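Asks: final_9.txt is the file, holding compact mmCIF, C-alpha atoms and all ligand atoms:
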# COMPACT_ATOMS: atom_id res chain seq x y z
CA MET W 1 -3.69 51.91 32.06
CA ALA W 2 -2.93 49.41 29.31
CA LYS W 3 0.02 50.48 27.17
CA SER W 4 0.37 49.51 23.54
CA VAL W 5 3.71 47.95 22.53
CA ASN W 6 3.24 47.93 18.77
CA GLU W 7 6.40 46.94 16.96
CA VAL W 8 7.37 46.01 13.40
CA ARG W 9 9.71 43.02 13.20
CA LYS W 10 11.23 41.00 10.34
CA ASP W 11 11.37 37.22 10.16
CA VAL W 12 14.31 35.12 8.97
CA ILE W 13 13.58 35.73 5.27
CA GLY W 14 12.77 39.42 5.74
CA ARG W 15 8.97 39.30 5.85
CA LYS W 16 7.48 42.00 8.09
CA VAL W 17 5.02 41.49 10.92
CA VAL W 18 3.48 44.10 13.19
CA ILE W 19 2.99 43.01 16.75
CA THR W 20 -0.02 44.79 18.22
CA ALA W 21 0.26 43.55 21.78
CA VAL W 22 -1.18 45.67 24.54
CA ARG W 23 0.84 45.49 27.72
CA GLY W 24 -1.37 45.02 30.75
CA SER W 25 -4.12 43.28 28.81
CA ARG W 26 -4.14 39.53 28.50
CA PRO W 27 -4.40 38.88 24.77
CA HIS W 28 -3.07 35.35 25.17
CA ASP W 29 -6.29 34.39 26.88
CA LEU W 30 -7.95 33.14 23.72
CA PRO W 31 -11.49 31.99 24.35
CA VAL W 32 -10.88 28.43 25.49
CA CYS W 33 -14.08 26.60 24.61
CA PRO W 34 -14.96 23.16 25.87
CA ARG W 35 -13.37 20.59 23.62
CA ALA W 36 -15.58 20.03 20.59
CA GLN W 37 -16.57 16.42 20.00
CA LYS W 38 -15.99 15.08 16.51
CA ILE W 39 -19.44 14.46 15.11
CA THR W 40 -19.05 12.16 12.07
CA PRO W 41 -20.43 8.73 13.05
CA PRO W 42 -17.58 6.15 12.77
CA GLU W 43 -19.53 4.12 10.18
CA LYS W 44 -19.51 7.18 7.89
CA CYS W 45 -15.84 8.12 8.51
CA PHE W 46 -13.49 7.19 5.64
CA PHE W 47 -10.58 6.86 8.09
CA CYS W 48 -12.17 4.73 10.83
CA PRO W 49 -11.41 0.98 11.19
CA GLY W 50 -13.89 -1.11 9.21
CA ASN W 51 -13.96 1.40 6.33
CA GLU W 52 -10.52 0.63 4.87
CA ASN W 53 -12.21 -0.36 1.60
CA LEU W 54 -13.37 3.27 1.17
CA THR W 55 -9.80 4.59 0.78
CA PRO W 56 -7.46 4.02 -2.18
CA PRO W 57 -5.23 0.90 -1.83
CA GLU W 58 -2.95 1.12 1.18
CA ILE W 59 0.76 1.94 0.76
CA GLU W 60 1.88 1.08 4.27
CA ARG W 61 0.52 0.35 7.75
CA ILE W 62 1.89 -0.12 11.26
CA GLU W 63 0.09 -2.83 13.20
CA LYS W 64 0.06 -3.82 16.85
CA GLY W 65 -1.77 -6.91 18.09
CA GLY W 66 -3.26 -7.61 14.64
CA LYS W 67 -4.88 -4.14 14.38
CA TRP W 68 -3.55 -1.14 12.49
CA GLU W 69 -2.32 1.88 14.40
CA ILE W 70 -1.24 4.08 11.47
CA ARG W 71 -2.14 3.78 7.77
CA CYS W 72 -0.84 5.49 4.65
CA PHE W 73 -2.59 5.59 1.26
CA PRO W 74 -2.83 7.95 -1.75
CA ASN W 75 -5.20 10.90 -1.47
CA LYS W 76 -8.45 10.13 -3.30
CA PHE W 77 -8.41 13.68 -4.75
CA PRO W 78 -4.67 14.36 -5.24
CA ALA W 79 -3.22 17.79 -6.05
CA PHE W 80 -0.20 16.03 -7.60
CA SER W 81 -0.15 12.52 -9.07
CA ALA W 82 1.96 10.20 -11.21
CA GLU W 83 -0.82 10.21 -13.84
CA SER W 84 -0.94 14.00 -14.17
CA ARG W 85 1.07 15.50 -17.03
CA LYS W 86 0.85 19.05 -15.69
CA ALA W 87 1.07 18.46 -11.93
CA TYR W 88 3.35 15.45 -11.59
CA GLY W 89 3.96 14.18 -8.09
CA ARG W 90 2.48 12.33 -5.14
CA HIS W 91 -0.15 13.17 -2.56
CA GLU W 92 -0.49 10.76 0.33
CA ILE W 93 -2.57 10.62 3.52
CA ILE W 94 -1.36 9.28 6.85
CA VAL W 95 -4.12 8.40 9.31
CA GLU W 96 -2.44 8.82 12.68
CA THR W 97 -4.71 6.74 14.90
CA PRO W 98 -7.63 4.30 14.54
CA GLU W 99 -9.53 6.25 17.25
CA HIS W 100 -11.93 8.79 15.77
CA GLN W 101 -11.98 11.16 18.77
CA LYS W 102 -8.23 11.20 19.44
CA SER W 103 -5.92 14.16 18.80
CA LEU W 104 -2.26 13.86 17.85
CA SER W 105 -1.28 15.29 21.27
CA GLU W 106 -3.02 12.35 22.96
CA LEU W 107 -0.94 9.67 21.23
CA SER W 108 1.89 8.08 23.22
CA GLU W 109 5.49 9.03 22.47
CA GLU W 110 5.89 5.53 20.97
CA ASN W 111 2.97 6.17 18.57
CA LEU W 112 4.38 9.60 17.70
CA TYR W 113 7.73 7.96 16.94
CA ASP W 114 5.93 5.51 14.60
CA TYR W 115 4.12 8.47 12.99
CA LEU W 116 7.37 10.38 12.39
CA SER W 117 9.08 7.21 11.11
CA MET W 118 6.33 6.70 8.57
CA ILE W 119 6.59 10.30 7.33
CA LYS W 120 10.38 9.82 7.06
CA ARG W 121 9.94 6.62 5.02
CA ARG W 122 7.41 8.29 2.68
CA MET W 123 9.82 11.21 2.17
CA GLU W 124 12.66 8.78 1.40
CA ALA W 125 10.46 6.91 -1.09
CA ALA W 126 9.57 10.18 -2.87
CA ALA W 127 13.22 11.30 -2.97
CA ALA W 128 14.09 8.05 -4.81
CA ASP W 129 12.02 9.25 -7.79
CA PRO W 130 14.47 11.37 -9.84
CA LYS W 131 11.59 13.35 -11.37
CA LEU W 132 10.56 14.71 -7.94
CA ALA W 133 12.31 17.73 -6.42
CA TYR W 134 10.59 18.48 -3.13
CA THR W 135 8.39 16.86 -0.48
CA ILE W 136 6.42 18.61 2.23
CA ALA W 137 4.65 16.91 5.12
CA PHE W 138 2.01 18.76 7.09
CA LYS W 139 -0.96 18.39 9.35
CA ASN W 140 -4.13 20.47 9.43
CA GLU W 141 -5.93 20.14 12.78
CA GLY W 142 -9.46 21.55 12.81
CA LYS W 143 -11.61 23.09 10.10
CA GLU W 144 -10.08 26.58 10.53
CA ALA W 145 -6.65 25.04 9.84
CA GLY W 146 -7.88 23.44 6.61
CA ALA W 147 -8.87 19.92 7.72
CA SER W 148 -11.76 18.71 5.58
CA LEU W 149 -12.14 15.40 7.45
CA GLU W 150 -12.16 15.45 11.26
CA HIS W 151 -10.42 12.08 11.89
CA SER W 152 -6.81 12.99 12.76
CA HIS W 153 -4.51 12.72 9.72
CA SER W 154 -1.49 14.26 8.00
CA GLN W 155 -0.46 14.66 4.37
CA VAL W 156 2.78 14.12 2.45
CA VAL W 157 2.95 15.95 -0.90
CA SER W 158 5.76 15.69 -3.46
CA MET W 159 6.26 17.82 -6.58
CA ASP W 160 8.70 18.18 -9.47
CA PHE W 161 9.77 21.71 -8.50
CA VAL W 162 11.13 23.48 -5.42
CA PRO W 163 8.72 26.19 -4.15
CA ASP W 164 10.18 29.73 -3.96
CA TYR W 165 9.63 29.93 -0.20
CA VAL W 166 11.74 26.80 0.27
CA LYS W 167 14.52 28.30 -1.87
CA LYS W 168 14.45 31.47 0.26
CA LEU W 169 14.68 29.47 3.49
CA ALA W 170 17.60 27.43 2.08
CA LYS W 171 19.48 30.69 1.40
CA LYS W 172 19.12 31.63 5.09
CA ALA W 173 20.43 28.31 6.43
CA GLY W 174 23.73 29.90 7.48
CA LYS W 175 21.97 32.74 9.30
CA VAL W 176 19.76 30.32 11.24
CA ALA W 177 22.76 28.08 12.09
CA SER W 178 24.75 31.01 13.51
CA ALA W 179 21.71 32.27 15.49
CA LYS W 180 21.50 28.80 17.08
CA LYS W 181 25.07 29.11 18.34
CA LYS W 182 24.07 32.09 20.55
CA PRO W 183 21.84 31.67 23.62
CA MET W 184 18.36 31.13 22.16
CA LYS W 185 15.49 33.36 23.23
CA ASN W 186 11.92 32.24 23.96
CA VAL W 187 12.79 28.56 24.36
CA PHE W 188 10.02 26.87 26.34
CA ALA W 189 10.94 23.17 25.99
CA GLN W 190 14.05 21.20 25.12
CA ASN W 191 15.70 17.79 25.32
CA ALA W 192 19.06 16.29 24.27
CA HIS W 193 18.50 16.87 20.53
CA PHE W 194 15.77 19.51 20.03
CA PHE W 195 14.45 22.77 21.39
CA ALA W 196 11.05 24.43 20.98
CA MET W 197 10.95 28.21 20.75
CA CYS W 198 8.69 31.07 19.66
CA PRO W 199 10.47 33.00 16.85
CA LYS W 200 10.86 36.77 17.22
CA ALA W 201 8.63 37.67 14.25
CA PRO W 202 5.78 35.13 14.26
CA ARG W 203 3.13 35.08 11.55
CA TYR W 204 0.69 33.08 13.66
CA HIS W 205 -0.39 33.07 17.28
CA PHE W 206 1.80 30.78 19.42
CA GLU W 207 4.02 30.12 16.36
CA THR W 208 6.61 27.59 17.52
CA TRP W 209 9.70 26.19 15.84
CA ILE W 210 10.94 22.76 16.91
CA ALA W 211 14.53 22.72 15.68
CA PRO W 212 17.46 20.31 16.06
CA LYS W 213 20.40 21.27 18.27
CA GLU W 214 22.83 19.58 15.85
CA ASP W 215 22.89 20.44 12.14
CA ALA W 216 20.25 18.48 10.19
CA ASN W 217 18.72 19.63 6.92
CA SER W 218 15.71 17.31 6.79
CA LEU W 219 13.56 14.82 8.65
CA VAL W 220 15.23 12.12 6.55
CA ALA W 221 18.66 13.11 7.96
CA LEU W 222 17.65 12.26 11.55
CA SER W 223 19.02 9.23 13.39
CA ASP W 224 16.67 6.89 15.23
CA GLU W 225 17.67 8.50 18.54
CA GLN W 226 16.94 11.99 17.16
CA LEU W 227 13.57 10.80 15.85
CA ARG W 228 12.64 9.56 19.32
CA ALA W 229 13.71 12.90 20.81
CA LEU W 230 11.58 14.68 18.20
CA ALA W 231 8.56 12.51 19.11
CA SER W 232 9.05 13.45 22.75
CA ILE W 233 9.28 17.24 22.24
CA LEU W 234 6.42 17.18 19.69
CA LYS W 235 4.26 15.56 22.36
CA SER W 236 5.19 18.37 24.82
CA VAL W 237 4.54 21.17 22.31
CA LEU W 238 1.16 19.79 21.17
CA THR W 239 0.11 19.15 24.77
CA ALA W 240 0.94 22.79 25.61
CA PHE W 241 -0.94 24.01 22.50
CA ASP W 242 -4.04 21.97 23.31
CA ALA W 243 -3.97 23.16 26.93
CA ALA W 244 -3.53 26.82 25.91
CA THR W 245 -6.14 26.83 23.12
CA GLY W 246 -8.67 24.24 24.34
CA PHE W 247 -7.87 21.85 21.48
CA GLY W 248 -8.07 24.72 18.99
CA PRO W 249 -7.06 24.53 15.32
CA TYR W 250 -3.39 24.41 14.32
CA ASN W 251 -1.02 23.43 11.52
CA ILE W 252 2.19 21.45 11.76
CA ILE W 253 4.59 21.96 8.87
CA PHE W 254 7.70 19.84 8.34
CA HIS W 255 10.18 22.23 6.69
CA SER W 256 12.84 20.00 5.08
CA ALA W 257 15.53 20.51 2.43
CA PRO W 258 14.71 19.80 -1.24
CA HIS W 259 15.60 16.28 -2.48
CA ALA W 260 18.87 17.64 -3.93
CA GLY W 261 20.02 18.28 -0.34
CA GLY W 262 22.28 21.13 0.73
CA ALA W 263 22.18 23.34 3.82
CA PHE W 264 18.65 23.95 5.09
CA PRO W 265 17.18 25.07 8.43
CA PHE W 266 15.12 21.92 9.06
CA HIS W 267 12.38 22.54 11.62
CA LEU W 268 8.80 21.72 12.47
CA GLU W 269 6.55 24.75 12.64
CA VAL W 270 3.45 24.54 14.82
CA ALA W 271 1.04 27.47 14.46
CA SER W 272 -2.33 28.16 16.06
CA ARG W 273 -5.06 29.13 13.58
CA ALA W 274 -7.44 30.66 16.12
CA SER W 275 -7.15 34.04 14.37
CA THR W 276 -7.65 34.62 10.64
CA TRP W 277 -5.68 36.67 8.12
CA ALA W 278 -7.92 39.47 6.88
CA GLY W 279 -7.86 42.53 4.62
CA PHE W 280 -4.68 44.02 6.10
CA GLU W 281 -2.66 40.83 5.63
CA LEU W 282 -4.09 40.12 2.16
CA GLY W 283 -3.47 43.70 1.03
CA THR W 284 0.04 44.20 2.44
CA GLU W 285 1.57 40.75 3.02
CA VAL W 286 2.44 42.18 6.45
CA VAL W 287 0.88 40.15 9.25
CA MET W 288 -0.66 41.55 12.43
CA VAL W 289 -0.02 39.41 15.49
CA SER W 290 -1.66 40.30 18.80
CA GLU W 291 0.90 38.84 21.20
CA LEU W 292 4.64 39.17 21.70
CA PRO W 293 6.40 35.83 21.14
CA GLU W 294 8.15 36.45 24.48
CA VAL W 295 4.68 36.20 26.09
CA SER W 296 3.62 33.21 23.94
CA ALA W 297 6.70 31.25 25.09
CA LYS W 298 5.83 32.03 28.73
CA VAL W 299 2.22 30.92 28.25
CA LEU W 300 3.19 27.64 26.55
CA GLY W 301 5.99 26.94 29.05
CA GLY W 302 3.57 27.70 31.89
CA LYS W 303 1.05 25.21 30.53
CA LEU W 304 3.77 22.52 30.38
CA ALA W 305 4.79 23.24 33.99
CA GLU W 306 1.13 23.03 35.12
CA ILE W 307 0.71 19.66 33.38
CA LYS W 308 3.95 18.33 34.93
CA ASP W 309 2.79 19.46 38.42
CA LYS W 310 -0.61 17.82 37.91
CA ASN W 311 1.02 14.55 36.80
CA ALA W 312 3.37 14.66 39.79
CA ILE W 313 0.43 15.02 42.18
CA SER W 314 -1.83 12.37 40.63
ZN ZN X 1 -12.96 8.26 12.00
Mind turning the file's structure into structure tokens?
Replies:
Amino acid sequence: MAKSVNEVRKDVIGRKVVITAVRGSRPHDLPVCPRAQKITPPEKCFFCPGNENLTPPEIERIEKGGKWEIRCFPNKFPAFSAESRKAYGRHEIIVETPEHQKSLSELSEENLYDYLSMIKRRMEAAAADPKLAYTIAFKNEGKEAGASLEHSHSQVVSMDFVPDYVKKLAKKAGKVASAKKKPMKNVFAQNAHFFAMCPKAPRYHFETWIAPKEDANSLVALSDEQLRALASILKSVLTAFDAATGFGPYNIIFHSAPHAGGAFPFHLEVASRASTWAGFELGTEVVMVSELPEVSAKVLGGKLAEIKDKNAIS
């Protein structure tokens, strides 16, 4: 008979989650639907090639063979802007690929390196403005994860204050650094500079942290070699996510130190958004998660091994 293994755990900043896994059942088997096709016709997509005139003036692009591969421009409807007196900042869009149907996981490691380099440059540019205090980069994949346009893109948002959550994470930098010195649990991928693991108190299904092996407080602190290693492990993690969820919705969050610097547990968080926060979460700020992270790490690692086997055979 299935046995419940409900357990309350605390995350790195002390937030509680209750894991409601049932041993013997297979809660990680989310309904994997056939991959949904993106339905906006390219001529009507603001981010497709040929429609560049529909976006605000471009800030930067990466071209290969005379065609753009990645573009960056200000958000047409910014949350923060240089013109705003009460919400000063920047809000930029990075279109990750000219191909309307492509997902981030399907880009080459070289393209992912270019993508990460562009985010790094935009963060550096924001940090040069003394009025700005903090920059976050993130990606919303799929409507359930908050994407309002289906063509694959990310956002870089800068503000003149440091959010409370970021301050709390900064305070725990020492705790995270000492945890990394012990053998890490639930690691399902790693390379010379990064590991990918499922934290012990996740707030989202398949929550994964991609964290540097050496101390680094921000994306902007990474060397070129580290950036390439990050591109490589990001490709593995997203490939595992897409295989496990059938190209389901997810967020990527680049957690970096404030512009003022200091110790900070820099990491990328990747979180599936296949389940929704409901009354319990909204009423208690405690999150219910239906799978142990120990199981999530096995599922994601298993998907990576399957893909490697398949590639070895073909
Ligand atoms: Zn498009």
Asks: Quick one: everything within 12 Å of W:Ala260, counting all atoms listed in the file, minus sequence neighbours fewer than 4 positions away in the same chain. Send it as JSON, numbers by chain.
Replies: {"W": [126, 127, 128, 129, 130, 131, 132, 133, 134, 135, 160, 161, 162, 167, 170, 217, 218, 256, 264]}
Asks: Which residues, protein or nucleic acid, reach to within 12 Å of (4.0, 6.1, 14.4) in the file's coordinates when using only C-alpha atoms, and can you give that as a ChimeraX atom specification?
Replies: /W:60-64,68-72,94-98,104,107-121,153-154,227-228,231
Asks: Give me the residues of chain W that have any atom at most 6 Å from an atom of ligand ZN 1 (chain X); for each, the nearest atom pair and the distance in Å, rounded to one decimal. Use only C-alpha atoms and all ligand atoms, sort by chain and number, and format it as a tab-separated table.
Replies:
residue	atom	partner	partner_atom	distance
W:Pro42	CA	X:ZN1	ZN	5.1
W:Cys45	CA	X:ZN1	ZN	4.5
W:Phe47	CA	X:ZN1	ZN	4.8
W:Cys48	CA	X:ZN1	ZN	3.8
W:His100	CA	X:ZN1	ZN	3.9
W:His151	CA	X:ZN1	ZN	4.6
Asks: Which residue out of W:Gly65, W:Gly301, W:Gly262, W:Pro57 has the minimum interatomic distance to W:Ala196 when only C-alpha atoms are used?
Replies: W:Gly301
Asks: For atom CA of W:Phe247 and atom CA of W:Lys143, quote the distance in Å rounded to one decimal.
Replies: 12.0 Å
Asks: Counting only C-alpha atoms, figure out which residue out of W:Lys185, W:His205, W:Lys303, W:Lys213 gets nearest to W:Val237.
Replies: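 Result for the nearest residue to W:Val237: W:Lys303.
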Asks: For the atom pair atom CA of W:Asp242 and atom CA of W:Asn191, what is the interatomic distance in Å to one decimal place?
Replies: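 Atom-to-atom, atom CA of W:Asp242 to atom CA of W:Asn191, that is 20.3 Å.
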Asks: Using all atoms listed in the file, can you tell me which of W:Thr276, W:Thr284, W:Gln37, W:Ser236 comes closest to W:Gly302?
Replies: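 Of W:Thr276, W:Thr284, W:Gln37, W:Ser236, the one nearest W:Gly302, counting all atoms listed in the file, is W:Ser236.
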Asks: Which neighbours of W:Glu285 fall inside 12 Å, counting all atoms listed in the file, when residues of the same chain fewer than 2 positions from it are skipped, and could you give them as a list in words?
Replies: Gly14, Arg15, Lys16, Val17, Val18, Arg203, Trp277, Ala278, Gly279, Phe280, Glu281, Leu282, Gly283, Val287 and Met288 of chain W
Asks: Report, in Å to a single decimal, how far apart atom CA of W:Phe80 and atom CA of W:Leu54 are.
Replies: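 Those two atoms sit 20.3 Å apart.
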Asks: With distances taken over all atoms listed in the file, which of W:Glu99, W:Glu294, W:Glu150, W:Glu269 is nearest to W:Ala36?
Replies: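 The answer is W:Glu150, which sits nearest to W:Ala36.
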Asks: Please write out, as AutoDock Vina command-line options, where the centre of an axis-aligned box around all listed atoms of stretch 119-137 of chain W lies and how long its edges are, in Å to one decimal, after adding 6 Å on each side.
Replies:
--center_x 9.6 --center_y 12.6 --center_z -2.0 --size_x 21.8 --size_y 24.0 --size_z 30.7
Asks: Just checking: using only C-alpha atoms, which residue out of W:Ile233, W:Leu169, W:Ile136, W:Ala211 ends up closest to W:Ala263?
Replies: W:Leu169
Asks: Could you tell me which of W:Asn311, W:Asn140, W:Asn53, W:Asn186 comes closest to W:Ile210 if we count all atoms listed in the file?
Replies: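 Comparing W:Asn311, W:Asn140, W:Asn53, W:Asn186 against W:Ile210, the winner is W:Asn186.
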